[in-house]
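Note: the block below is data37.cif and it holds mmCIF, C-alpha atoms.
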data_data
loop_
_atom_site.group_PDB
_atom_site.id
_atom_site.type_symbol
_atom_site.label_atom_id
_atom_site.label_comp_id
_atom_site.auth_asym_id
_atom_site.auth_seq_id
_atom_site.Cartn_x
_atom_site.Cartn_y
_atom_site.Cartn_z
ATOM 1 C CA MET A 294 54.777 137.126 91.449
ATOM 2 C CA SER A 295 53.693 139.229 88.482
ATOM 3 C CA ASP A 296 50.878 138.127 86.195
ATOM 4 C CA LEU A 297 53.258 138.116 83.239
ATOM 5 C CA LEU A 298 55.628 135.773 85.043
ATOM 6 C CA LYS A 299 52.759 133.484 86.078
ATOM 7 C CA LYS A 300 51.497 133.400 82.495
ATOM 8 C CA ALA A 301 54.962 132.635 81.149
ATOM 9 C CA ILE A 302 55.436 129.752 83.579
ATOM 10 C CA SER A 303 51.934 128.444 82.878
ATOM 11 C CA LEU A 304 52.605 128.633 79.158
ATOM 12 C CA GLY A 305 55.791 126.618 79.554
ATOM 13 C CA TRP A 306 54.024 123.992 81.643
ATOM 14 C CA GLY A 307 51.021 124.013 79.322
ATOM 15 C CA LEU A 308 53.243 123.393 76.336
ATOM 16 C CA THR A 309 54.825 120.458 78.116
ATOM 17 C CA ILE A 310 51.425 118.916 78.858
ATOM 18 C CA THR A 311 50.169 119.558 75.332
ATOM 19 C CA SER A 312 53.373 118.102 73.957
ATOM 20 C CA LYS A 313 52.803 114.946 75.994
ATOM 21 C CA GLU A 314 49.360 114.472 74.481
ATOM 22 C CA LYS A 315 50.686 115.181 71.004
ATOM 23 C CA VAL A 316 53.627 112.828 71.499
ATOM 24 C CA GLU A 317 51.304 110.022 72.550
ATOM 25 C CA SER A 318 49.093 110.690 69.540
ATOM 26 C CA ILE A 319 52.001 110.750 67.091
ATOM 27 C CA VAL A 320 53.531 107.595 68.557
ATOM 28 C CA ASP A 321 50.142 105.855 68.361
ATOM 29 C CA ASP A 322 49.917 106.845 64.690
ATOM 30 C CA LEU A 323 53.409 105.448 64.079
ATOM 31 C CA VAL A 324 52.362 102.156 65.663
ATOM 32 C CA LYS A 325 49.145 102.040 63.582
ATOM 33 C CA ARG A 326 51.122 102.616 60.372
ATOM 34 C CA GLY A 327 53.580 99.898 61.333
ATOM 35 C CA GLU A 328 56.536 102.260 61.528
ATOM 36 C CA LEU A 329 57.081 101.561 65.218
ATOM 37 C CA ALA A 330 56.682 98.363 67.174
ATOM 38 C CA PRO A 331 54.070 98.530 69.952
ATOM 39 C CA SER A 332 56.709 97.330 72.402
ATOM 40 C CA GLU A 333 58.857 100.369 71.545
ATOM 41 C CA SER A 334 56.061 102.930 71.753
ATOM 42 C CA LYS A 335 55.901 103.209 75.533
ATOM 43 C CA GLN A 336 59.669 103.630 75.799
ATOM 44 C CA LEU A 337 59.679 106.315 73.105
ATOM 45 C CA VAL A 338 56.810 108.227 74.752
ATOM 46 C CA GLU A 339 58.584 108.099 78.125
ATOM 47 C CA LYS A 340 61.844 109.274 76.582
ATOM 48 C CA LEU A 341 60.156 112.202 74.850
ATOM 49 C CA ILE A 342 58.162 113.125 77.967
ATOM 50 C CA ASP A 343 61.332 113.047 80.071
ATOM 51 C CA ARG A 344 62.941 115.350 77.530
ATOM 52 C CA GLY A 345 59.937 117.687 77.825
ATOM 53 C CA ALA A 346 60.258 117.723 81.616
ATOM 54 C CA GLU A 347 63.947 118.532 81.281
ATOM 55 C CA GLU A 348 63.138 121.403 78.928
ATOM 56 C CA GLN A 349 60.471 122.623 81.354
ATOM 57 C CA GLY A 350 63.069 122.748 84.125
ATOM 58 C CA LYS A 351 65.419 124.715 81.898
ATOM 59 C CA PHE A 352 62.594 127.096 81.008
ATOM 60 C CA LYS A 353 61.732 127.634 84.667
ATOM 61 C CA GLU A 354 65.375 128.348 85.536
ATOM 62 C CA LEU A 355 65.620 130.799 82.639
ATOM 63 C CA VAL A 356 62.525 132.648 83.872
ATOM 64 C CA ASN A 357 63.889 132.728 87.431
ATOM 65 C CA GLU A 358 67.207 134.076 86.191
ATOM 66 C CA GLN A 359 65.464 136.798 84.186
ATOM 67 C CA VAL A 360 63.332 137.803 87.188
ATOM 68 C CA ARG A 361 66.381 137.951 89.476
ATOM 69 C CA SER A 362 68.181 140.081 86.920
ATOM 70 C CA ALA A 363 65.215 142.436 86.560
ATOM 71 C CA LEU A 364 64.854 142.814 90.331
ATOM 72 C CA GLN A 365 68.558 143.550 90.720
ATOM 73 C CA GLY A 366 68.334 146.093 87.914
ATOM 74 C CA MET A 367 65.519 147.869 89.745
ATOM 75 C CA GLY A 368 67.511 147.907 92.969
ATOM 76 C CA LEU A 369 64.929 145.887 94.916
ATOM 77 C CA ALA A 370 65.996 143.837 97.920
ATOM 78 C CA SER A 371 65.639 140.079 97.819
ATOM 79 C CA ALA A 372 63.570 138.219 100.399
ATOM 80 C CA LYS A 373 66.815 136.938 101.912
ATOM 81 C CA GLU A 374 68.156 140.489 102.286
ATOM 82 C CA VAL A 375 64.901 141.672 103.892
ATOM 83 C CA GLU A 376 64.973 138.742 106.329
ATOM 84 C CA GLU A 377 68.585 139.555 107.268
ATOM 85 C CA LEU A 378 67.750 143.218 107.859
ATOM 86 C CA THR A 379 64.689 142.267 109.909
ATOM 87 C CA ARG A 380 66.858 140.003 112.072
ATOM 88 C CA ARG A 381 69.454 142.752 112.565
ATOM 89 C CA VAL A 382 66.793 145.312 113.518
ATOM 90 C CA ALA A 383 65.324 142.892 116.062
ATOM 91 C CA GLU A 384 68.775 142.374 117.599
ATOM 92 C CA LEU A 385 69.327 146.130 117.800
ATOM 93 C CA GLU A 386 65.925 146.632 119.427
ATOM 94 C CA ILE A 387 66.829 144.061 122.091
ATOM 95 C CA LYS A 388 70.173 145.760 122.745
ATOM 96 C CA LEU A 389 68.501 149.167 122.935
ATOM 97 C CA ALA A 390 65.905 147.865 125.384
ATOM 98 C CA GLU A 391 68.680 146.368 127.539
ATOM 99 C CA MET A 392 70.523 149.694 127.564
ATOM 100 C CA GLN A 393 67.398 151.559 128.693
ATOM 101 C CA GLN A 394 66.748 149.293 131.684
ATOM 102 C CA PRO A 395 68.023 150.624 135.044
#
Produce structure tokens that represent the structure in this file.
Amino acid sequence: MSDLLKKAISLGWGLTITSKEKVESIVDDLVKRGELAPSESKQLVEKLIDRGAEEQGKFKELVNEQVRSALQGMGLASAKEVEELTRRVAELEIKLAEMQQP
């Protein structure tokens, strides 16, 4: 995996973690100011964190899609294609060895 891709994924995950801390801080401030009941704060934090996790999943899928597209554009074989070719070569080697036996 390229460094750029790793950094992009880390950034997305890092933003989610940072957002969680910020969400908790903001919700705590709302409770302190009396704009949100303490009993509602935990539910709101969980809802916002779940939303962040959902966005993280979407971000990861977007990155994966972009990488797949870039690899296809470069004409590189996927791991699945390499595995299939490796299997086919192994089968052909076995057949060739059988043909060479007396």
Excluding Pro331 (chain A) and its own-chain neighbours fewer than 6 positions away, which residues fall within 12 Å of it when counting all atoms listed in the file? Please give them as JSON, numbers by chain.
{"A": [320, 321, 322, 323, 324, 325, 337, 338]}
CA of Ala372 (chain A) to CA of Val356 (chain A): how many Å, to one decimal?
17.5 Å
The PyMOL selection byres ((chain A and resi 316) around 12) applied to the shown file, residues as a ChimeraX atom specification
/A:308-315,317-323,334-345
Could you turn the residues from that selection into a file that holds C-alpha atoms, as a PDB file, keeping the file's coordinate frame?
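Just written: part.pdb:
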ATOM      1  CA  LEU A 308      53.243 123.393  76.336  1.00  0.00           C
ATOM      2  CA  THR A 309      54.825 120.458  78.116  1.00  0.00           C
ATOM      3  CA  ILE A 310      51.425 118.916  78.858  1.00  0.00           C
ATOM      4  CA  THR A 311      50.169 119.558  75.332  1.00  0.00           C
ATOM      5  CA  SER A 312      53.373 118.102  73.957  1.00  0.00           C
ATOM      6  CA  LYS A 313      52.803 114.946  75.994  1.00  0.00           C
ATOM      7  CA  GLU A 314      49.360 114.472  74.481  1.00  0.00           C
ATOM      8  CA  LYS A 315      50.686 115.181  71.004  1.00  0.00           C
ATOM      9  CA  GLU A 317      51.304 110.022  72.550  1.00  0.00           C
ATOM     10  CA  SER A 318      49.093 110.690  69.540  1.00  0.00           C
ATOM     11  CA  ILE A 319      52.001 110.750  67.091  1.00  0.00           C
ATOM     12  CA  VAL A 320      53.531 107.595  68.557  1.00  0.00           C
ATOM     13  CA  ASP A 321      50.142 105.855  68.361  1.00  0.00           C
ATOM     14  CA  ASP A 322      49.917 106.845  64.690  1.00  0.00           C
ATOM     15  CA  LEU A 323      53.409 105.448  64.079  1.00  0.00           C
ATOM     16  CA  SER A 334      56.061 102.930  71.753  1.00  0.00           C
ATOM     17  CA  LYS A 335      55.901 103.209  75.533  1.00  0.00           C
ATOM     18  CA  GLN A 336      59.669 103.630  75.799  1.00  0.00           C
ATOM     19  CA  LEU A 337      59.679 106.315  73.105  1.00  0.00           C
ATOM     20  CA  VAL A 338      56.810 108.227  74.752  1.00  0.00           C
ATOM     21  CA  GLU A 339      58.584 108.099  78.125  1.00  0.00           C
ATOM     22  CA  LYS A 340      61.844 109.274  76.582  1.00  0.00           C
ATOM     23  CA  LEU A 341      60.156 112.202  74.850  1.00  0.00           C
ATOM     24  CA  ILE A 342      58.162 113.125  77.967  1.00  0.00           C
ATOM     25  CA  ASP A 343      61.332 113.047  80.071  1.00  0.00           C
ATOM     26  CA  ARG A 344      62.941 115.350  77.530  1.00  0.00           C
ATOM     27  CA  GLY A 345      59.937 117.687  77.825  1.00  0.00           C
TER      28      GLY A 345
END
Please determine an axis-aligned box that encloses all atoms of region 365-384 of chain A listed in the file, with 5 Å added on each side, and express its centre and edge lengths in Å to one decimal as JSON.
{"center_x": 66.5, "center_y": 142.4, "center_z": 102.8, "size_x": 15.9, "size_y": 21.0, "size_z": 39.7}
Point-to-point distance from CA of Asn357 (chain A) to CA of Glu377 (chain A), Å rounded to tenths:
21.5 Å
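The space between CA of Val382 (chain A) and CA of Gly368 (chain A) spans 20.7 Å.
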Assuming the input is short of atoms at region 329-340 of chain A, produce all heavy atoms for that part as a PDB file, in the coordinates of the input.
ATOM      1  N   LEU A 329      56.515 101.710  63.882  1.00  0.00           N
ATOM      2  CA  LEU A 329      57.081 101.561  65.218  1.00  0.00           C
ATOM      3  C   LEU A 329      56.416 100.366  65.881  1.00  0.00           C
ATOM      4  O   LEU A 329      55.192 100.207  65.805  1.00  0.00           O
ATOM      5  CB  LEU A 329      56.828 102.835  66.050  1.00  0.00           C
ATOM      6  CG  LEU A 329      57.400 102.887  67.452  1.00  0.00           C
ATOM      7  CD1 LEU A 329      58.931 102.939  67.404  1.00  0.00           C
ATOM      8  CD2 LEU A 329      56.886 104.131  68.179  1.00  0.00           C
ATOM      9  N   ALA A 330      57.222  99.531  66.495  1.00  0.00           N
ATOM     10  CA  ALA A 330      56.682  98.363  67.174  1.00  0.00           C
ATOM     11  C   ALA A 330      55.950  98.802  68.436  1.00  0.00           C
ATOM     12  O   ALA A 330      56.403  99.711  69.134  1.00  0.00           O
ATOM     13  CB  ALA A 330      57.811  97.405  67.531  1.00  0.00           C
ATOM     14  N   PRO A 331      54.804  98.171  68.724  1.00  0.00           N
ATOM     15  CA  PRO A 331      54.070  98.530  69.952  1.00  0.00           C
ATOM     16  C   PRO A 331      54.928  98.438  71.205  1.00  0.00           C
ATOM     17  O   PRO A 331      54.774  99.227  72.133  1.00  0.00           O
ATOM     18  CB  PRO A 331      52.925  97.510  69.990  1.00  0.00           C
ATOM     19  CG  PRO A 331      52.735  97.092  68.579  1.00  0.00           C
ATOM     20  CD  PRO A 331      54.111  97.157  67.952  1.00  0.00           C
ATOM     21  N   SER A 332      55.855  97.482  71.230  1.00  0.00           N
ATOM     22  CA  SER A 332      56.709  97.330  72.402  1.00  0.00           C
ATOM     23  C   SER A 332      57.670  98.505  72.576  1.00  0.00           C
ATOM     24  O   SER A 332      58.151  98.761  73.670  1.00  0.00           O
ATOM     25  CB  SER A 332      57.505  96.019  72.317  1.00  0.00           C
ATOM     26  OG  SER A 332      58.334  96.036  71.152  1.00  0.00           O
ATOM     27  N   GLU A 333      57.954  99.213  71.486  1.00  0.00           N
ATOM     28  CA  GLU A 333      58.857 100.369  71.545  1.00  0.00           C
ATOM     29  C   GLU A 333      58.127 101.671  71.830  1.00  0.00           C
ATOM     30  O   GLU A 333      58.747 102.661  72.206  1.00  0.00           O
ATOM     31  CB  GLU A 333      59.609 100.505  70.217  1.00  0.00           C
ATOM     32  CG  GLU A 333      60.501  99.337  69.898  1.00  0.00           C
ATOM     33  CD  GLU A 333      61.102  99.441  68.511  1.00  0.00           C
ATOM     34  OE1 GLU A 333      60.437  99.977  67.606  1.00  0.00           O
ATOM     35  OE2 GLU A 333      62.240  98.985  68.337  1.00  0.00           O
ATOM     36  N   SER A 334      56.814 101.676  71.646  1.00  0.00           N
ATOM     37  CA  SER A 334      56.061 102.930  71.753  1.00  0.00           C
ATOM     38  C   SER A 334      56.103 103.525  73.157  1.00  0.00           C
ATOM     39  O   SER A 334      56.318 104.727  73.310  1.00  0.00           O
ATOM     40  CB  SER A 334      54.612 102.728  71.313  1.00  0.00           C
ATOM     41  OG  SER A 334      53.924 101.879  72.204  1.00  0.00           O
ATOM     42  N   LYS A 335      55.914 102.700  74.158  1.00  0.00           N
ATOM     43  CA  LYS A 335      55.901 103.209  75.533  1.00  0.00           C
ATOM     44  C   LYS A 335      57.252 103.820  75.898  1.00  0.00           C
ATOM     45  O   LYS A 335      57.325 104.893  76.496  1.00  0.00           O
ATOM     46  CB  LYS A 335      55.544 102.102  76.516  1.00  0.00           C
ATOM     47  CG  LYS A 335      55.419 102.584  77.940  1.00  0.00           C
ATOM     48  CD  LYS A 335      54.989 101.485  78.883  1.00  0.00           C
ATOM     49  CE  LYS A 335      54.899 102.007  80.299  1.00  0.00           C
ATOM     50  NZ  LYS A 335      54.536 100.975  81.258  1.00  0.00           N
ATOM     51  N   GLN A 336      58.320 103.141  75.499  1.00  0.00           N
ATOM     52  CA  GLN A 336      59.669 103.630  75.799  1.00  0.00           C
ATOM     53  C   GLN A 336      59.922 104.962  75.092  1.00  0.00           C
ATOM     54  O   GLN A 336      60.493 105.878  75.683  1.00  0.00           O
ATOM     55  CB  GLN A 336      60.701 102.593  75.368  1.00  0.00           C
ATOM     56  CG  GLN A 336      62.123 102.977  75.699  1.00  0.00           C
ATOM     57  CD  GLN A 336      63.124 101.921  75.228  1.00  0.00           C
ATOM     58  OE1 GLN A 336      62.803 101.073  74.407  1.00  0.00           O
ATOM     59  NE2 GLN A 336      64.324 101.993  75.768  1.00  0.00           N
ATOM     60  N   LEU A 337      59.488 105.072  73.848  1.00  0.00           N
ATOM     61  CA  LEU A 337      59.679 106.315  73.105  1.00  0.00           C
ATOM     62  C   LEU A 337      58.886 107.456  73.740  1.00  0.00           C
ATOM     63  O   LEU A 337      59.409 108.561  73.917  1.00  0.00           O
ATOM     64  CB  LEU A 337      59.271 106.140  71.644  1.00  0.00           C
ATOM     65  CG  LEU A 337      59.400 107.378  70.763  1.00  0.00           C
ATOM     66  CD1 LEU A 337      60.838 107.885  70.742  1.00  0.00           C
ATOM     67  CD2 LEU A 337      58.900 107.085  69.349  1.00  0.00           C
ATOM     68  N   VAL A 338      57.635 107.198  74.103  1.00  0.00           N
ATOM     69  CA  VAL A 338      56.810 108.227  74.752  1.00  0.00           C
ATOM     70  C   VAL A 338      57.473 108.681  76.046  1.00  0.00           C
ATOM     71  O   VAL A 338      57.589 109.882  76.305  1.00  0.00           O
ATOM     72  CB  VAL A 338      55.372 107.710  75.010  1.00  0.00           C
ATOM     73  CG1 VAL A 338      54.616 108.652  75.930  1.00  0.00           C
ATOM     74  CG2 VAL A 338      54.620 107.545  73.694  1.00  0.00           C
ATOM     75  N   GLU A 339      57.938 107.747  76.859  1.00  0.00           N
ATOM     76  CA  GLU A 339      58.584 108.099  78.125  1.00  0.00           C
ATOM     77  C   GLU A 339      59.840 108.927  77.900  1.00  0.00           C
ATOM     78  O   GLU A 339      60.087 109.911  78.607  1.00  0.00           O
ATOM     79  CB  GLU A 339      58.914 106.841  78.927  1.00  0.00           C
ATOM     80  CG  GLU A 339      57.695 106.162  79.517  1.00  0.00           C
ATOM     81  CD  GLU A 339      58.011 104.856  80.227  1.00  0.00           C
ATOM     82  OE1 GLU A 339      59.204 104.482  80.319  1.00  0.00           O
ATOM     83  OE2 GLU A 339      57.064 104.210  80.694  1.00  0.00           O
ATOM     84  N   LYS A 340      60.616 108.534  76.893  1.00  0.00           N
ATOM     85  CA  LYS A 340      61.844 109.274  76.582  1.00  0.00           C
ATOM     86  C   LYS A 340      61.520 110.710  76.163  1.00  0.00           C
ATOM     87  O   LYS A 340      62.147 111.657  76.632  1.00  0.00           O
ATOM     88  CB  LYS A 340      62.609 108.561  75.472  1.00  0.00           C
ATOM     89  CG  LYS A 340      63.907 109.222  75.082  1.00  0.00           C
ATOM     90  CD  LYS A 340      64.623 108.444  73.981  1.00  0.00           C
ATOM     91  CE  LYS A 340      65.893 109.149  73.569  1.00  0.00           C
ATOM     92  NZ  LYS A 340      66.587 108.419  72.493  1.00  0.00           N
TER      93      LYS A 340
END
